[in-house]
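Undergrad: Supplied structure: start_23.csv, CSV, C-alpha atoms and all ligand atoms.
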chain,number,residue,atom,x,y,z
Z,23,MET,CA,38.2,-8.8,24.4
Z,24,LYS,CA,36.5,-8.2,21.0
Z,25,THR,CA,35.9,-4.7,19.7
Z,26,ILE,CA,32.6,-3.9,18.0
Z,27,LEU,CA,32.0,-0.9,15.7
Z,28,VAL,CA,28.5,0.2,16.3
Z,29,THR,CA,27.3,2.5,13.5
Z,30,GLY,CA,24.5,4.8,14.6
Z,31,GLY,CA,25.6,4.1,18.2
Z,32,THR,CA,24.3,7.3,19.7
Z,33,GLY,CA,20.8,6.6,18.3
Z,34,TYR,CA,17.8,5.0,20.0
Z,35,ILE,CA,18.5,1.3,19.5
Z,36,GLY,CA,22.2,1.8,19.0
Z,37,SER,CA,22.8,3.5,22.4
Z,38,HIS,CA,20.9,0.7,24.3
Z,39,THR,CA,22.9,-1.9,22.4
Z,40,VAL,CA,26.2,-0.2,23.3
Z,41,VAL,CA,25.2,-0.4,27.0
Z,42,GLU,CA,24.5,-4.2,26.7
Z,43,LEU,CA,27.7,-4.9,24.7
Z,44,GLN,CA,29.8,-3.1,27.3
Z,45,SER,CA,28.1,-4.9,30.2
Z,46,LYS,CA,29.0,-8.2,28.5
Z,47,GLY,CA,32.7,-7.2,28.2
Z,48,TYR,CA,32.8,-6.0,24.6
Z,49,GLU,CA,34.8,-2.9,23.7
Z,50,VAL,CA,32.8,-0.5,21.6
Z,51,ILE,CA,33.6,2.1,19.0
Z,52,ILE,CA,30.6,4.3,18.1
Z,53,ALA,CA,30.5,6.0,14.7
Z,54,ASP,CA,27.7,8.4,14.2
Z,55,ASN,CA,27.2,11.7,12.3
Z,56,LEU,CA,24.8,12.9,15.0
Z,57,ALA,CA,22.2,13.7,12.3
Z,58,ASN,CA,19.4,12.4,14.6
Z,59,SER,CA,21.1,12.1,18.0
Z,60,SER,CA,23.3,14.0,20.3
Z,61,ALA,CA,26.9,13.6,21.5
Z,62,ASP,CA,25.9,13.7,25.2
Z,63,VAL,CA,24.5,10.2,24.7
Z,64,VAL,CA,28.1,9.1,25.0
Z,65,ASP,CA,28.3,10.7,28.5
Z,66,ARG,CA,25.0,9.0,29.4
Z,67,ILE,CA,26.2,5.6,28.3
Z,68,GLU,CA,29.3,6.1,30.5
Z,69,LYS,CA,27.1,7.1,33.4
Z,70,ILE,CA,25.2,3.8,33.1
Z,71,THR,CA,28.1,1.4,32.5
Z,72,GLY,CA,31.1,3.2,34.0
Z,73,ILE,CA,32.9,2.8,30.7
Z,74,ARG,CA,33.3,5.5,28.0
Z,75,PRO,CA,33.0,4.1,24.5
Z,76,VAL,CA,35.2,5.5,21.8
Z,77,PHE,CA,33.2,8.0,19.9
Z,78,ILE,CA,33.9,9.0,16.3
Z,79,LYS,CA,31.8,11.6,14.6
Z,80,ALA,CA,31.7,10.5,11.0
Z,81,ASP,CA,29.4,10.4,8.0
Z,82,LEU,CA,29.7,6.8,7.1
Z,83,SER,CA,28.1,7.2,3.7
Z,84,LYS,CA,31.3,9.0,2.7
Z,85,GLU,CA,33.9,6.5,1.5
Z,86,GLN,CA,36.9,8.3,2.9
Z,87,GLU,CA,35.4,9.0,6.3
Z,88,ALA,CA,34.3,5.4,6.6
Z,89,ALA,CA,37.8,4.1,5.5
Z,90,ALA,CA,39.6,6.3,8.0
Z,91,ILE,CA,38.0,4.6,10.9
Z,92,PHE,CA,39.2,1.2,9.8
Z,93,ASP,CA,42.7,2.5,9.1
Z,94,THR,CA,43.0,3.8,12.6
Z,95,HIS,CA,41.1,1.2,14.8
Z,96,HIS,CA,41.2,-2.5,15.3
Z,97,ILE,CA,37.6,-3.9,14.7
Z,98,ASP,CA,36.4,-7.4,15.1
Z,99,GLY,CA,32.8,-7.0,14.2
Z,100,ILE,CA,30.2,-4.5,13.1
Z,101,ILE,CA,26.6,-3.8,14.2
Z,102,ASN,CA,25.1,-1.5,11.6
Z,103,PHE,CA,22.3,0.8,12.8
Z,104,ALA,CA,23.3,4.0,10.9
Z,105,ALA,CA,20.4,4.8,8.6
Z,106,TYR,CA,17.6,7.2,7.9
Z,107,LYS,CA,14.5,5.7,9.4
Z,108,ALA,CA,11.3,7.9,8.9
Z,109,VAL,CA,8.9,6.1,6.7
Z,110,GLY,CA,7.0,9.2,5.6
Z,111,GLU,CA,10.1,11.2,4.9
Z,112,SER,CA,11.5,8.4,2.8
Z,113,CYS,CA,8.6,8.8,0.4
Z,114,GLU,CA,9.4,12.5,0.0
Z,115,LYS,CA,13.2,12.0,-0.3
Z,116,PRO,CA,13.6,8.5,-1.7
Z,117,ILE,CA,17.0,9.2,-3.4
Z,118,GLU,CA,18.5,10.5,-0.1
Z,119,TYR,CA,17.3,7.4,1.6
Z,120,TYR,CA,18.8,5.0,-0.9
Z,121,GLN,CA,22.0,7.0,-1.1
Z,122,ASN,CA,22.5,7.1,2.7
Z,123,ASN,CA,21.3,3.7,3.8
Z,124,LEU,CA,22.8,1.7,1.0
Z,125,GLN,CA,26.0,3.6,0.8
Z,126,ILE,CA,26.6,3.2,4.6
Z,127,ALA,CA,26.1,-0.6,4.4
Z,128,LEU,CA,28.3,-0.9,1.3
Z,129,ASN,CA,31.1,1.2,2.8
Z,130,MET,CA,31.1,-1.0,5.9
Z,131,LEU,CA,31.2,-4.2,3.8
Z,132,ALA,CA,33.9,-2.9,1.5
Z,133,ASN,CA,36.1,-2.1,4.6
Z,134,MET,CA,35.3,-5.4,6.1
Z,135,LYS,CA,36.7,-7.1,3.0
Z,136,ARG,CA,39.7,-4.8,2.9
Z,137,MET,CA,40.6,-5.5,6.6
Z,138,GLY,CA,39.5,-9.1,6.8
Z,139,ILE,CA,36.7,-8.4,9.3
Z,140,GLN,CA,34.3,-11.3,9.4
Z,141,TYR,CA,31.1,-10.5,11.3
Z,142,PHE,CA,28.3,-8.1,10.5
Z,143,VAL,CA,25.0,-7.7,12.3
Z,144,GLN,CA,22.4,-5.7,10.4
Z,145,SER,CA,19.5,-3.8,11.8
Z,146,SER,CA,16.6,-5.0,9.7
Z,147,SER,CA,12.8,-4.8,10.1
Z,148,CYS,CA,9.6,-6.8,10.0
Z,149,THR,CA,8.6,-4.3,7.3
Z,150,VAL,CA,10.2,-6.8,4.9
Z,151,TYR,CA,7.2,-9.1,5.4
Z,152,GLY,CA,4.6,-6.5,4.3
Z,153,GLU,CA,1.0,-7.5,5.3
Z,154,PRO,CA,1.3,-11.1,6.5
Z,155,LYS,CA,-1.1,-13.7,5.2
Z,156,HIS,CA,-1.0,-15.3,8.7
Z,157,ASN,CA,0.4,-14.6,12.1
Z,158,PRO,CA,2.7,-15.2,13.9
Z,159,ILE,CA,5.1,-14.8,11.0
Z,160,ASN,CA,8.3,-16.8,10.8
Z,161,GLU,CA,11.5,-16.2,8.9
Z,162,ASP,CA,10.6,-18.6,6.1
Z,163,CYS,CA,7.7,-16.4,5.0
Z,164,PRO,CA,8.5,-14.7,1.7
Z,165,THR,CA,9.3,-11.0,1.8
Z,166,MET,CA,6.8,-8.7,0.1
Z,167,PRO,CA,7.3,-5.6,-2.1
Z,168,ALA,CA,8.2,-2.7,0.2
Z,169,THR,CA,5.6,0.1,0.7
Z,170,SER,CA,8.2,2.8,1.3
Z,171,PRO,CA,11.8,3.6,0.2
Z,172,TYR,CA,12.8,3.2,3.9
Z,173,GLY,CA,11.4,-0.4,3.9
Z,174,ASN,CA,13.0,-1.0,0.5
Z,175,THR,CA,16.4,0.0,1.8
Z,176,LYS,CA,16.0,-2.6,4.6
Z,177,GLN,CA,15.1,-5.3,2.0
Z,178,MET,CA,17.9,-4.2,-0.3
Z,179,VAL,CA,20.6,-4.4,2.4
Z,180,GLU,CA,19.4,-8.0,3.1
Z,181,GLU,CA,19.7,-8.7,-0.6
Z,182,ILE,CA,23.2,-7.2,-0.8
Z,183,LEU,CA,24.2,-9.3,2.2
Z,184,HIS,CA,22.8,-12.4,0.4
Z,185,PHE,CA,25.4,-12.1,-2.3
Z,186,VAL,CA,28.2,-10.4,-0.4
Z,187,THR,CA,28.2,-13.3,2.2
Z,188,LYS,CA,28.2,-16.0,-0.5
Z,189,SER,CA,32.0,-16.4,-0.6
Z,190,GLY,CA,32.0,-16.9,3.2
Z,191,ASP,CA,34.6,-14.4,4.2
Z,192,ILE,CA,31.9,-12.3,5.7
Z,193,LYS,CA,29.2,-13.8,7.9
Z,194,ALA,CA,26.1,-11.7,8.6
Z,195,ILE,CA,23.0,-11.9,10.8
Z,196,ALA,CA,20.0,-9.7,9.9
Z,197,LEU,CA,17.8,-9.0,12.9
Z,198,ARG,CA,14.3,-8.2,11.8
Z,199,TYR,CA,12.9,-6.0,14.5
Z,200,PHE,CA,9.2,-5.7,15.2
Z,201,ASN,CA,8.2,-2.5,17.1
Z,202,PRO,CA,10.9,-1.3,19.5
Z,203,ILE,CA,9.6,0.9,22.3
Z,204,GLY,CA,10.5,1.9,25.9
Z,205,ALA,CA,13.8,3.2,27.3
Z,206,HIS,CA,16.6,2.2,29.7
Z,207,HIS,CA,15.4,1.8,33.3
Z,208,THR,CA,17.8,4.6,34.4
Z,209,ALA,CA,15.9,6.9,32.0
Z,210,LEU,CA,19.4,8.2,30.9
Z,211,ILE,CA,18.9,7.0,27.3
Z,212,GLY,CA,15.7,6.6,25.2
Z,213,GLU,CA,14.1,7.7,22.0
Z,214,LEU,CA,14.4,11.4,21.0
Z,215,PRO,CA,12.1,12.0,18.0
Z,216,ASN,CA,12.7,15.1,15.9
Z,217,GLY,CA,9.7,17.4,15.8
Z,218,ILE,CA,6.2,15.8,15.7
Z,219,PRO,CA,6.6,12.1,16.4
Z,220,ASN,CA,5.4,9.6,13.7
Z,221,ASN,CA,5.5,6.6,16.0
Z,222,LEU,CA,2.8,5.7,18.5
Z,223,ILE,CA,4.7,5.6,21.8
Z,224,PRO,CA,6.4,9.0,21.6
Z,225,TYR,CA,3.1,10.5,20.5
Z,226,ILE,CA,1.4,9.0,23.5
Z,227,THR,CA,4.0,10.1,26.0
Z,228,GLN,CA,4.2,13.7,24.5
Z,229,THR,CA,0.4,13.9,24.6
Z,230,ALA,CA,0.4,12.8,28.3
Z,231,ALA,CA,3.1,15.3,29.0
Z,232,GLY,CA,1.1,18.1,27.5
Z,233,LEU,CA,3.4,18.7,24.5
Z,234,ARG,CA,0.7,17.4,22.1
Z,235,GLN,CA,-3.0,18.1,22.4
Z,236,GLN,CA,-4.4,14.8,21.4
Z,237,LEU,CA,-3.4,11.4,20.0
Z,238,THR,CA,-5.3,10.3,16.9
Z,239,VAL,CA,-5.7,6.6,16.7
Z,240,PHE,CA,-5.3,5.8,13.0
Z,241,GLY,CA,-8.4,3.7,12.2
Z,242,ASN,CA,-10.8,1.7,14.4
Z,243,ASP,CA,-12.5,-0.2,11.6
Z,244,TYR,CA,-9.8,-2.8,11.0
Z,245,PRO,CA,-10.7,-6.5,11.0
Z,246,THR,CA,-9.1,-7.0,14.5
Z,247,PRO,CA,-10.9,-7.7,17.8
Z,248,ASP,CA,-11.1,-4.0,18.8
Z,249,GLY,CA,-10.8,-2.5,15.3
Z,250,THR,CA,-7.3,-1.0,15.8
Z,251,CYS,CA,-4.0,-2.3,14.3
Z,252,ILE,CA,-2.0,-5.0,16.0
Z,253,ARG,CA,1.8,-4.9,16.4
Z,254,ASP,CA,4.5,-6.9,18.3
Z,255,TYR,CA,5.9,-4.2,20.6
Z,256,ILE,CA,9.3,-5.1,22.1
Z,257,HIS,CA,11.3,-3.4,24.8
Z,258,VAL,CA,14.4,-1.8,23.4
Z,259,VAL,CA,16.6,-3.3,26.1
Z,260,ASP,CA,15.4,-6.8,25.1
Z,261,LEU,CA,16.1,-5.9,21.5
Z,262,ALA,CA,19.6,-4.6,22.4
Z,263,LYS,CA,20.4,-7.9,24.1
Z,264,ALA,CA,19.5,-9.8,20.9
Z,265,HIS,CA,22.4,-7.9,19.2
Z,266,VAL,CA,24.8,-9.1,21.9
Z,267,VAL,CA,23.8,-12.8,21.5
Z,268,ALA,CA,24.0,-12.4,17.7
Z,269,MET,CA,27.6,-11.1,18.1
Z,270,ASP,CA,28.4,-13.9,20.6
Z,271,ARG,CA,27.1,-16.5,18.0
Z,272,CYS,CA,29.5,-15.1,15.4
Z,273,PHE,CA,32.6,-15.2,17.7
Z,274,GLU,CA,31.7,-18.7,18.9
Z,275,ASN,CA,31.4,-19.8,15.3
Z,276,ARG,CA,27.9,-21.0,15.7
Z,277,ASN,CA,26.5,-19.5,12.5
Z,278,LYS,CA,24.6,-22.1,10.5
Z,279,SER,CA,24.9,-20.2,7.3
Z,280,ASN,CA,26.7,-17.2,6.0
Z,281,LEU,CA,23.6,-15.1,6.2
Z,282,GLU,CA,21.0,-15.7,8.9
Z,283,TYR,CA,17.7,-13.9,9.6
Z,284,PHE,CA,16.0,-13.8,13.0
Z,285,ASN,CA,12.7,-12.2,14.0
Z,286,ILE,CA,13.2,-10.1,17.1
Z,287,GLY,CA,9.8,-9.6,18.8
Z,288,THR,CA,8.0,-10.9,21.8
Z,289,GLY,CA,5.6,-13.2,19.9
Z,290,ASN,CA,2.6,-11.2,21.3
Z,291,GLY,CA,0.3,-8.9,19.3
Z,292,PHE,CA,-1.1,-5.8,21.0
Z,293,SER,CA,-3.6,-3.4,19.5
Z,294,VAL,CA,-3.3,0.4,19.7
Z,295,LEU,CA,-6.0,0.4,22.3
Z,296,ASP,CA,-4.1,-2.2,24.4
Z,297,ILE,CA,-1.1,0.2,24.3
Z,298,ILE,CA,-3.2,3.1,25.4
Z,299,ARG,CA,-4.7,1.1,28.3
Z,300,SER,CA,-1.3,-0.1,29.5
Z,301,PHE,CA,0.1,3.4,29.4
Z,302,GLU,CA,-2.9,4.9,31.3
Z,303,LYS,CA,-2.6,2.1,33.9
Z,304,VAL,CA,1.2,2.5,34.6
Z,305,SER,CA,1.3,6.3,34.4
Z,306,GLY,CA,-2.0,7.1,36.1
Z,307,VAL,CA,-2.6,9.7,33.3
Z,308,LYS,CA,-5.8,9.7,31.4
Z,309,LEU,CA,-4.8,10.1,27.7
Z,310,ASN,CA,-6.6,12.5,25.4
Z,311,TYR,CA,-7.2,10.5,22.2
Z,312,CYS,CA,-9.7,10.3,19.4
Z,313,PHE,CA,-10.3,8.0,16.5
Z,314,GLY,CA,-9.3,9.2,13.0
Z,315,LYS,CA,-8.9,7.8,9.5
Z,316,ARG,CA,-6.6,4.9,8.7
Z,317,ARG,CA,-3.0,5.9,7.9
Z,318,GLU,CA,-1.9,5.0,4.4
Z,319,GLY,CA,0.6,2.1,4.3
Z,320,ASP,CA,-0.2,0.7,7.7
Z,321,VAL,CA,-0.4,-3.1,7.9
Z,322,VAL,CA,-3.4,-4.4,9.7
Z,323,GLN,CA,-1.7,-6.9,12.0
Z,324,ILE,CA,1.7,-8.5,12.4
Z,325,TRP,CA,3.4,-10.3,15.2
Z,326,ALA,CA,6.5,-12.5,15.3
Z,327,ASP,CA,7.1,-16.2,15.6
Z,328,THR,CA,10.2,-16.1,17.7
Z,329,THR,CA,10.9,-19.8,17.8
Z,330,LEU,CA,14.1,-19.6,15.7
Z,331,ALA,CA,15.6,-16.8,17.8
Z,332,GLU,CA,14.9,-18.8,21.0
Z,333,LYS,CA,16.4,-22.0,19.6
Z,334,GLU,CA,19.4,-20.6,17.8
Z,335,LEU,CA,20.3,-17.4,19.7
Z,336,GLY,CA,19.0,-18.7,23.1
Z,337,TRP,CA,17.3,-15.3,23.3
Z,338,LYS,CA,13.8,-14.5,24.4
Z,339,ALA,CA,12.2,-11.1,25.2
Z,340,GLU,CA,11.7,-10.8,29.0
Z,341,LEU,CA,10.1,-7.4,29.7
Z,342,SER,CA,6.3,-7.0,29.7
Z,343,LEU,CA,4.2,-4.4,27.9
Z,344,ASP,CA,3.6,-2.5,31.2
Z,345,GLN,CA,7.4,-2.3,31.7
Z,346,MET,CA,7.7,-1.0,28.2
Z,347,THR,CA,5.1,1.8,28.5
Z,348,LEU,CA,6.3,2.7,32.1
Z,349,SER,CA,9.9,3.1,31.0
Z,350,ALA,CA,8.8,5.2,28.0
Z,351,TRP,CA,6.9,7.4,30.4
Z,352,HIS,CA,9.8,7.8,32.8
Z,353,TRP,CA,12.0,8.7,29.9
Z,354,GLN,CA,9.5,11.4,28.8
Z,355,GLN,CA,9.2,12.8,32.3
Z,356,GLN,CA,12.9,13.3,32.7
Z,357,LEU,CA,13.1,15.1,29.3
Z,358,GLN,CA,11.2,18.1,30.7
L,1,LIG,C1,6.8,1.8,11.4
L,1,LIG,C2,7.5,1.0,10.2
L,1,LIG,C3,8.6,0.2,10.7
L,1,LIG,C4,9.6,1.0,11.5
L,1,LIG,C5,8.8,1.7,12.6
L,1,LIG,C6,9.8,2.5,13.5
L,1,LIG,C7,6.0,0.4,8.4
L,1,LIG,C8,5.0,-0.6,7.9
L,1,LIG,N1,6.5,0.2,9.6
L,1,LIG,O1,6.2,0.8,12.2
L,1,LIG,O2,9.3,-0.4,9.6
L,1,LIG,O3,10.6,0.2,12.0
L,1,LIG,O4,7.8,2.5,12.1
L,1,LIG,O5,10.2,3.7,12.8
L,1,LIG,O6,6.3,1.4,7.7
L,1,LIG,N2,-0.5,4.9,15.4
L,1,LIG,C9,-1.6,5.7,15.7
L,1,LIG,N3,-1.5,7.0,16.0
L,1,LIG,C10,-0.2,7.7,15.9
L,1,LIG,C11,0.9,6.9,15.5
L,1,LIG,C12,0.7,5.5,15.3
L,1,LIG,O7,-2.8,5.2,15.9
L,1,LIG,O8,-0.2,8.9,16.1
L,1,LIG,C13,-0.7,3.5,15.2
L,1,LIG,C14,-0.3,3.1,13.8
L,1,LIG,O9,-1.4,3.2,12.9
L,1,LIG,C15,0.1,1.6,14.0
L,1,LIG,C16,0.7,1.6,15.5
L,1,LIG,O10,0.2,2.8,16.1
L,1,LIG,O11,-1.0,0.8,14.0
L,1,LIG,C17,2.2,1.7,15.5
L,1,LIG,O12,2.6,2.7,14.6
L,1,LIG,P1,4.2,3.2,14.6
L,1,LIG,O13,4.6,3.4,16.0
L,1,LIG,O14,4.2,4.3,13.7
L,1,LIG,O15,5.0,1.9,14.0
L,1,LIG,P2,4.7,1.1,12.7
L,1,LIG,O16,3.9,1.9,11.7
L,1,LIG,O17,4.1,-0.2,13.1
Just dump the structure as structure tokens.
Ligand code: UD1

TA:
Amino acid sequence: MKTILVTGGTGYIGSHTVVELQSKGYEVIIADNLANSSADVVDRIEKITGIRPVFIKADLSKEQEAAAIFDTHHIDGIINFAAYKAVGESCEKPIEYYQNNLQIALNMLANMKRMGIQYFVQSSSCTVYGEPKHNPINEDCPTMPATSPYGNTKQMVEEILHFVTKSGDIKAIALRYFNPIGAHHTALIGELPNGIPNNLIPYITQTAAGLRQQLTVFGNDYPTPDGTCIRDYIHVVDLAKAHVVAMDRCFENRNKSNLEYFNIGTGNGFSVLDIIRSFEKVSGVKLNYCFGKRREGDVVQIWADTTLAEKELGWKAELSLDQMTLSAWHWQQQLQ
């Protein structure tokens, strides 16, 4: 049985990934500083899987705190979620974003070298592509200059991995997520945004629940069929499963190069209005929304070519848009 260190494992994507890892027989150690999550997620994971993951509260950007984990636990592989992730905030606090996100990745890699740990899966993002010239976009498309420090840290970690994996003693897989939404079907874990949500789905569910007055759709004059932006929304449980197959690939020695990149999306583009319609249908709630100005930095449209992930990882997203919006709604309802 292999043991995986999941950094940021009490967070939104991390917690879903811990559940999927455990259900496939992996042992999990979660390390998280709880800056943007809560310790009771560990109880909730145990409720779902019947197995309590080891939980270590630690600030992994601190060299000593990171090293102590490796000194006291056997670890076979790492999935690295721990990072600050708010695009807007990253523009206000760029240095904090670089310090935190890069230092965590570097500390993990330094300890991997020190302990002879071979496998690293990095939480990356489709934001590395910028505004694509064509869709769907595949992994060969060149990355574009980042539009935020957050996006830049995702690119920089990929670049660090490029050189760190050269010697071959560390093998890494960067999963480039499109737009993760939804929650576990038990509604025991999900996304817990701090304060006013920036992202579309929590804003929709909070508006429907009466916590926000109205959703503003950022722009309806884009060159898309209905004028609103298009994204590739993916169920967080499908996304979590992609991490498990990436880890399996490593332990089965199927990596084709020391650093591999995979798009993790559904391959379908949906507009903001498609999301609203799906939400209204599955929830039976009429959403109060209006059209507003475009949001600075938004790409017009992007969706994934997932051919490589299907072929190499044997992974394909399975859950529909309605399943995504319904699970997000169930999660919101149990929060109240
Ligand atoms: C952003 C980041 C992405 C990050 C993700 C999750 C960029 C380019 N992308 O994705 O890297 O992984 O957040 O943190 O920075 N919308 C509204 N009204 C709202 C909120 C959103 O109309 O109140 C629209 C947006 O204009 C966009 C779509 O909904 O078209 C999705 O927005 P959002 O959920 O914020 O995700 P992204 O911006 O795509």

Undergrad: From the list Z:Phe292, Z:Trp353, Z:Tyr151, Z:Tyr311, which residue is nearest Z:Thr250 when using all atoms listed in the file?

TA: Z:Phe292

Undergrad: Which residues are close to Z:Gln44, i.e. within 10 Å by all atoms listed in the file, leaving aside same-chain residues fewer than 2 positions away? Reply as a PyMOL selection string.

TA: chain Z and resi 25-26+39-42+46-50+67-68+71-75+266

Undergrad: Hey, which residues come within 9 Å of ligand LIG 1 (chain L) if we count all atoms listed in the file? Could you give them as an MDAnalysis selection string?

TA: chainID Z and resid 107:110 146:150 152:153 168:170 172:173 176 199:203 219:226 236:242 250:255 293:295 297 313:314 316:324

Undergrad: Pick the closest to Z:Thr229 from Z:Asn123, Z:Asn290, Z:Asn310, Z:Thr29: which is it, counting all atoms listed in the file?

TA: Z:Asn310

Undergrad: Find the residues near Z:Val76: any atom within 10 Å, counting only C-alpha atoms, skip ones fewer than 4 places away on the same chain, and give them as a CSV table (one decimal) with C-alpha atoms, in the coordinates of the input.

TA:
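Wrote it out as around.csv, contents follow:
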chain,number,residue,atom,x,y,z
Z,27,LEU,CA,32.0,-0.9,15.7
Z,49,GLU,CA,34.8,-2.9,23.7
Z,50,VAL,CA,32.8,-0.5,21.6
Z,51,ILE,CA,33.6,2.1,19.0
Z,52,ILE,CA,30.6,4.3,18.1
Z,53,ALA,CA,30.5,6.0,14.7
Z,64,VAL,CA,28.1,9.1,25.0

Undergrad: Find, counting all atoms listed in the file, the residue in Z:Lys115, Z:His156, Z:Lys333, Z:His96 that gets nearest to Z:Asn133.

TA: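 Ranking Z:Lys115, Z:His156, Z:Lys333, Z:His96 by distance to Z:Asn133, first place goes to Z:His96.
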
Undergrad: Excluding Z:Asn285 and any residue of its chain fewer than 4 positions from it, enumerate the residues within 8 Å of it, using only C-alpha atoms, and give them as a list in words.

TA: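 The filter keeps Cys148, Asn160, Glu161, Leu197, Arg198, Tyr199, Phe200, Ala326, Asp327, Thr328, Leu330 and Ala331 of chain Z.
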
Undergrad: Quick one: residues within 12 Å of Z:Thr94, all atoms listed in the file, excluding same-chain residues fewer than 5 positions away - as a ChimeraX atom specification?

TA: /Z:51,78,87-89,137

Undergrad: Mind giving me the straight-line distance from atom CA of Z:Gly217 to atom CA of Z:Leu124 in Å, one decimal?

TA: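 Between atom CA of Z:Gly217 and atom CA of Z:Leu124 the gap works out to 25.2 Å.
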
Undergrad: What separation in Å, quoted to one decimal, exists between atom CA of Z:Glu118 and atom CA of Z:Thr32?

TA: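 Computed distance, atom CA of Z:Glu118 to atom CA of Z:Thr32, equals 20.9 Å.
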
Undergrad: Pick the closest to Z:Ala231 from Z:His38, Z:Lys338, Z:Lys308, Z:His265: which is it, counting all atoms listed in the file?

TA: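 The shortest atom-to-atom distance to Z:Ala231 comes from Z:Lys308.
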
Undergrad: Choose the residue, out of Z:His207, Z:Leu343, Z:Gly31, Z:Ala105, that has the smallest atom-to-atom separation from Z:Val259; count all atoms listed in the file.

TA: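 For Z:Val259, the nearest of the given residues is Z:His207.
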
Undergrad: For each of Z:Thr246, Z:Gly291, Z:Phe284, Z:Met166, take the minimum atom-to-atom distance to Z:Ala264, counting all atoms listed in the file, then give the residue where this is smallest.

TA: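 Of Z:Thr246, Z:Gly291, Z:Phe284, Z:Met166, the one nearest Z:Ala264, counting all atoms listed in the file, is Z:Phe284.
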
Undergrad: Atom CA of Z:Val304 and atom CA of Z:Asp62 are how many Å apart?

TA: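 Those two atoms sit 28.7 Å apart.
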
Undergrad: Around the point (17.0, 4.8, 26.6), in the coordinates given by the file, pick out the residues reaching within 9 Å, counting all atoms listed in the file, and return them as a ChimeraX atom specification.

TA: /Z:34-35,37-38,204-213,258-259,349-350,353

Undergrad: Write out as CSV a residue-level contact list of stretch 101-142 of chain Z versus stretch 182-196 of chain Z with cut-off 6 Å: for each qualifying residue the closest pair of atoms and the distance in Å to one decimal, counting all atoms listed in the file, rows sorted by chain and residue number upward.

TA:
residue,atom,partner,partner_atom,distance
Z:Gln140,CA,Z:Ile192,CA,4.5
Z:Tyr141,CA,Z:Lys193,CA,5.1
Z:Phe142,CA,Z:Ala194,CA,4.6

Undergrad: Write out N, CA and C atoms for stretch 99-110 of chain Z, as a tab-separated table (two decimals), in the frame of the given file.

TA:
chain	number	residue	atom	x	y	z
Z	99	GLY	N	34.10	-6.82	14.73
Z	99	GLY	CA	32.80	-7.00	14.20
Z	99	GLY	C	32.01	-5.71	14.11
Z	100	ILE	N	30.94	-5.71	13.31
Z	100	ILE	CA	30.20	-4.50	13.10
Z	100	ILE	C	28.70	-4.72	13.38
Z	101	ILE	N	28.09	-3.79	14.09
Z	101	ILE	CA	26.60	-3.80	14.20
Z	101	ILE	C	26.18	-2.49	13.49
Z	102	ASN	N	25.36	-2.64	12.46
Z	102	ASN	CA	25.10	-1.50	11.60
Z	102	ASN	C	23.65	-0.94	11.85
Z	103	PHE	N	23.60	0.15	12.61
Z	103	PHE	CA	22.30	0.80	12.80
Z	103	PHE	C	22.18	2.10	12.01
Z	104	ALA	N	23.31	2.64	11.54
Z	104	ALA	CA	23.30	4.00	10.90
Z	104	ALA	C	22.38	3.96	9.69
Z	105	ALA	N	21.30	4.71	9.75
Z	105	ALA	CA	20.40	4.80	8.60
Z	105	ALA	C	19.34	5.86	8.87
Z	106	TYR	N	18.80	6.42	7.80
Z	106	TYR	CA	17.60	7.20	7.90
Z	106	TYR	C	16.43	6.30	8.17
Z	107	LYS	N	15.46	6.72	8.98
Z	107	LYS	CA	14.50	5.70	9.40
Z	107	LYS	C	13.01	6.21	9.41
Z	108	ALA	N	12.74	7.39	8.86
Z	108	ALA	CA	11.30	7.90	8.90
Z	108	ALA	C	10.61	7.44	7.63
Z	109	VAL	N	9.57	6.63	7.83
Z	109	VAL	CA	8.90	6.10	6.70
Z	109	VAL	C	8.28	7.15	5.79
Z	110	GLY	N	7.59	8.12	6.37
Z	110	GLY	CA	7.00	9.20	5.60
Z	110	GLY	C	7.98	10.02	4.84
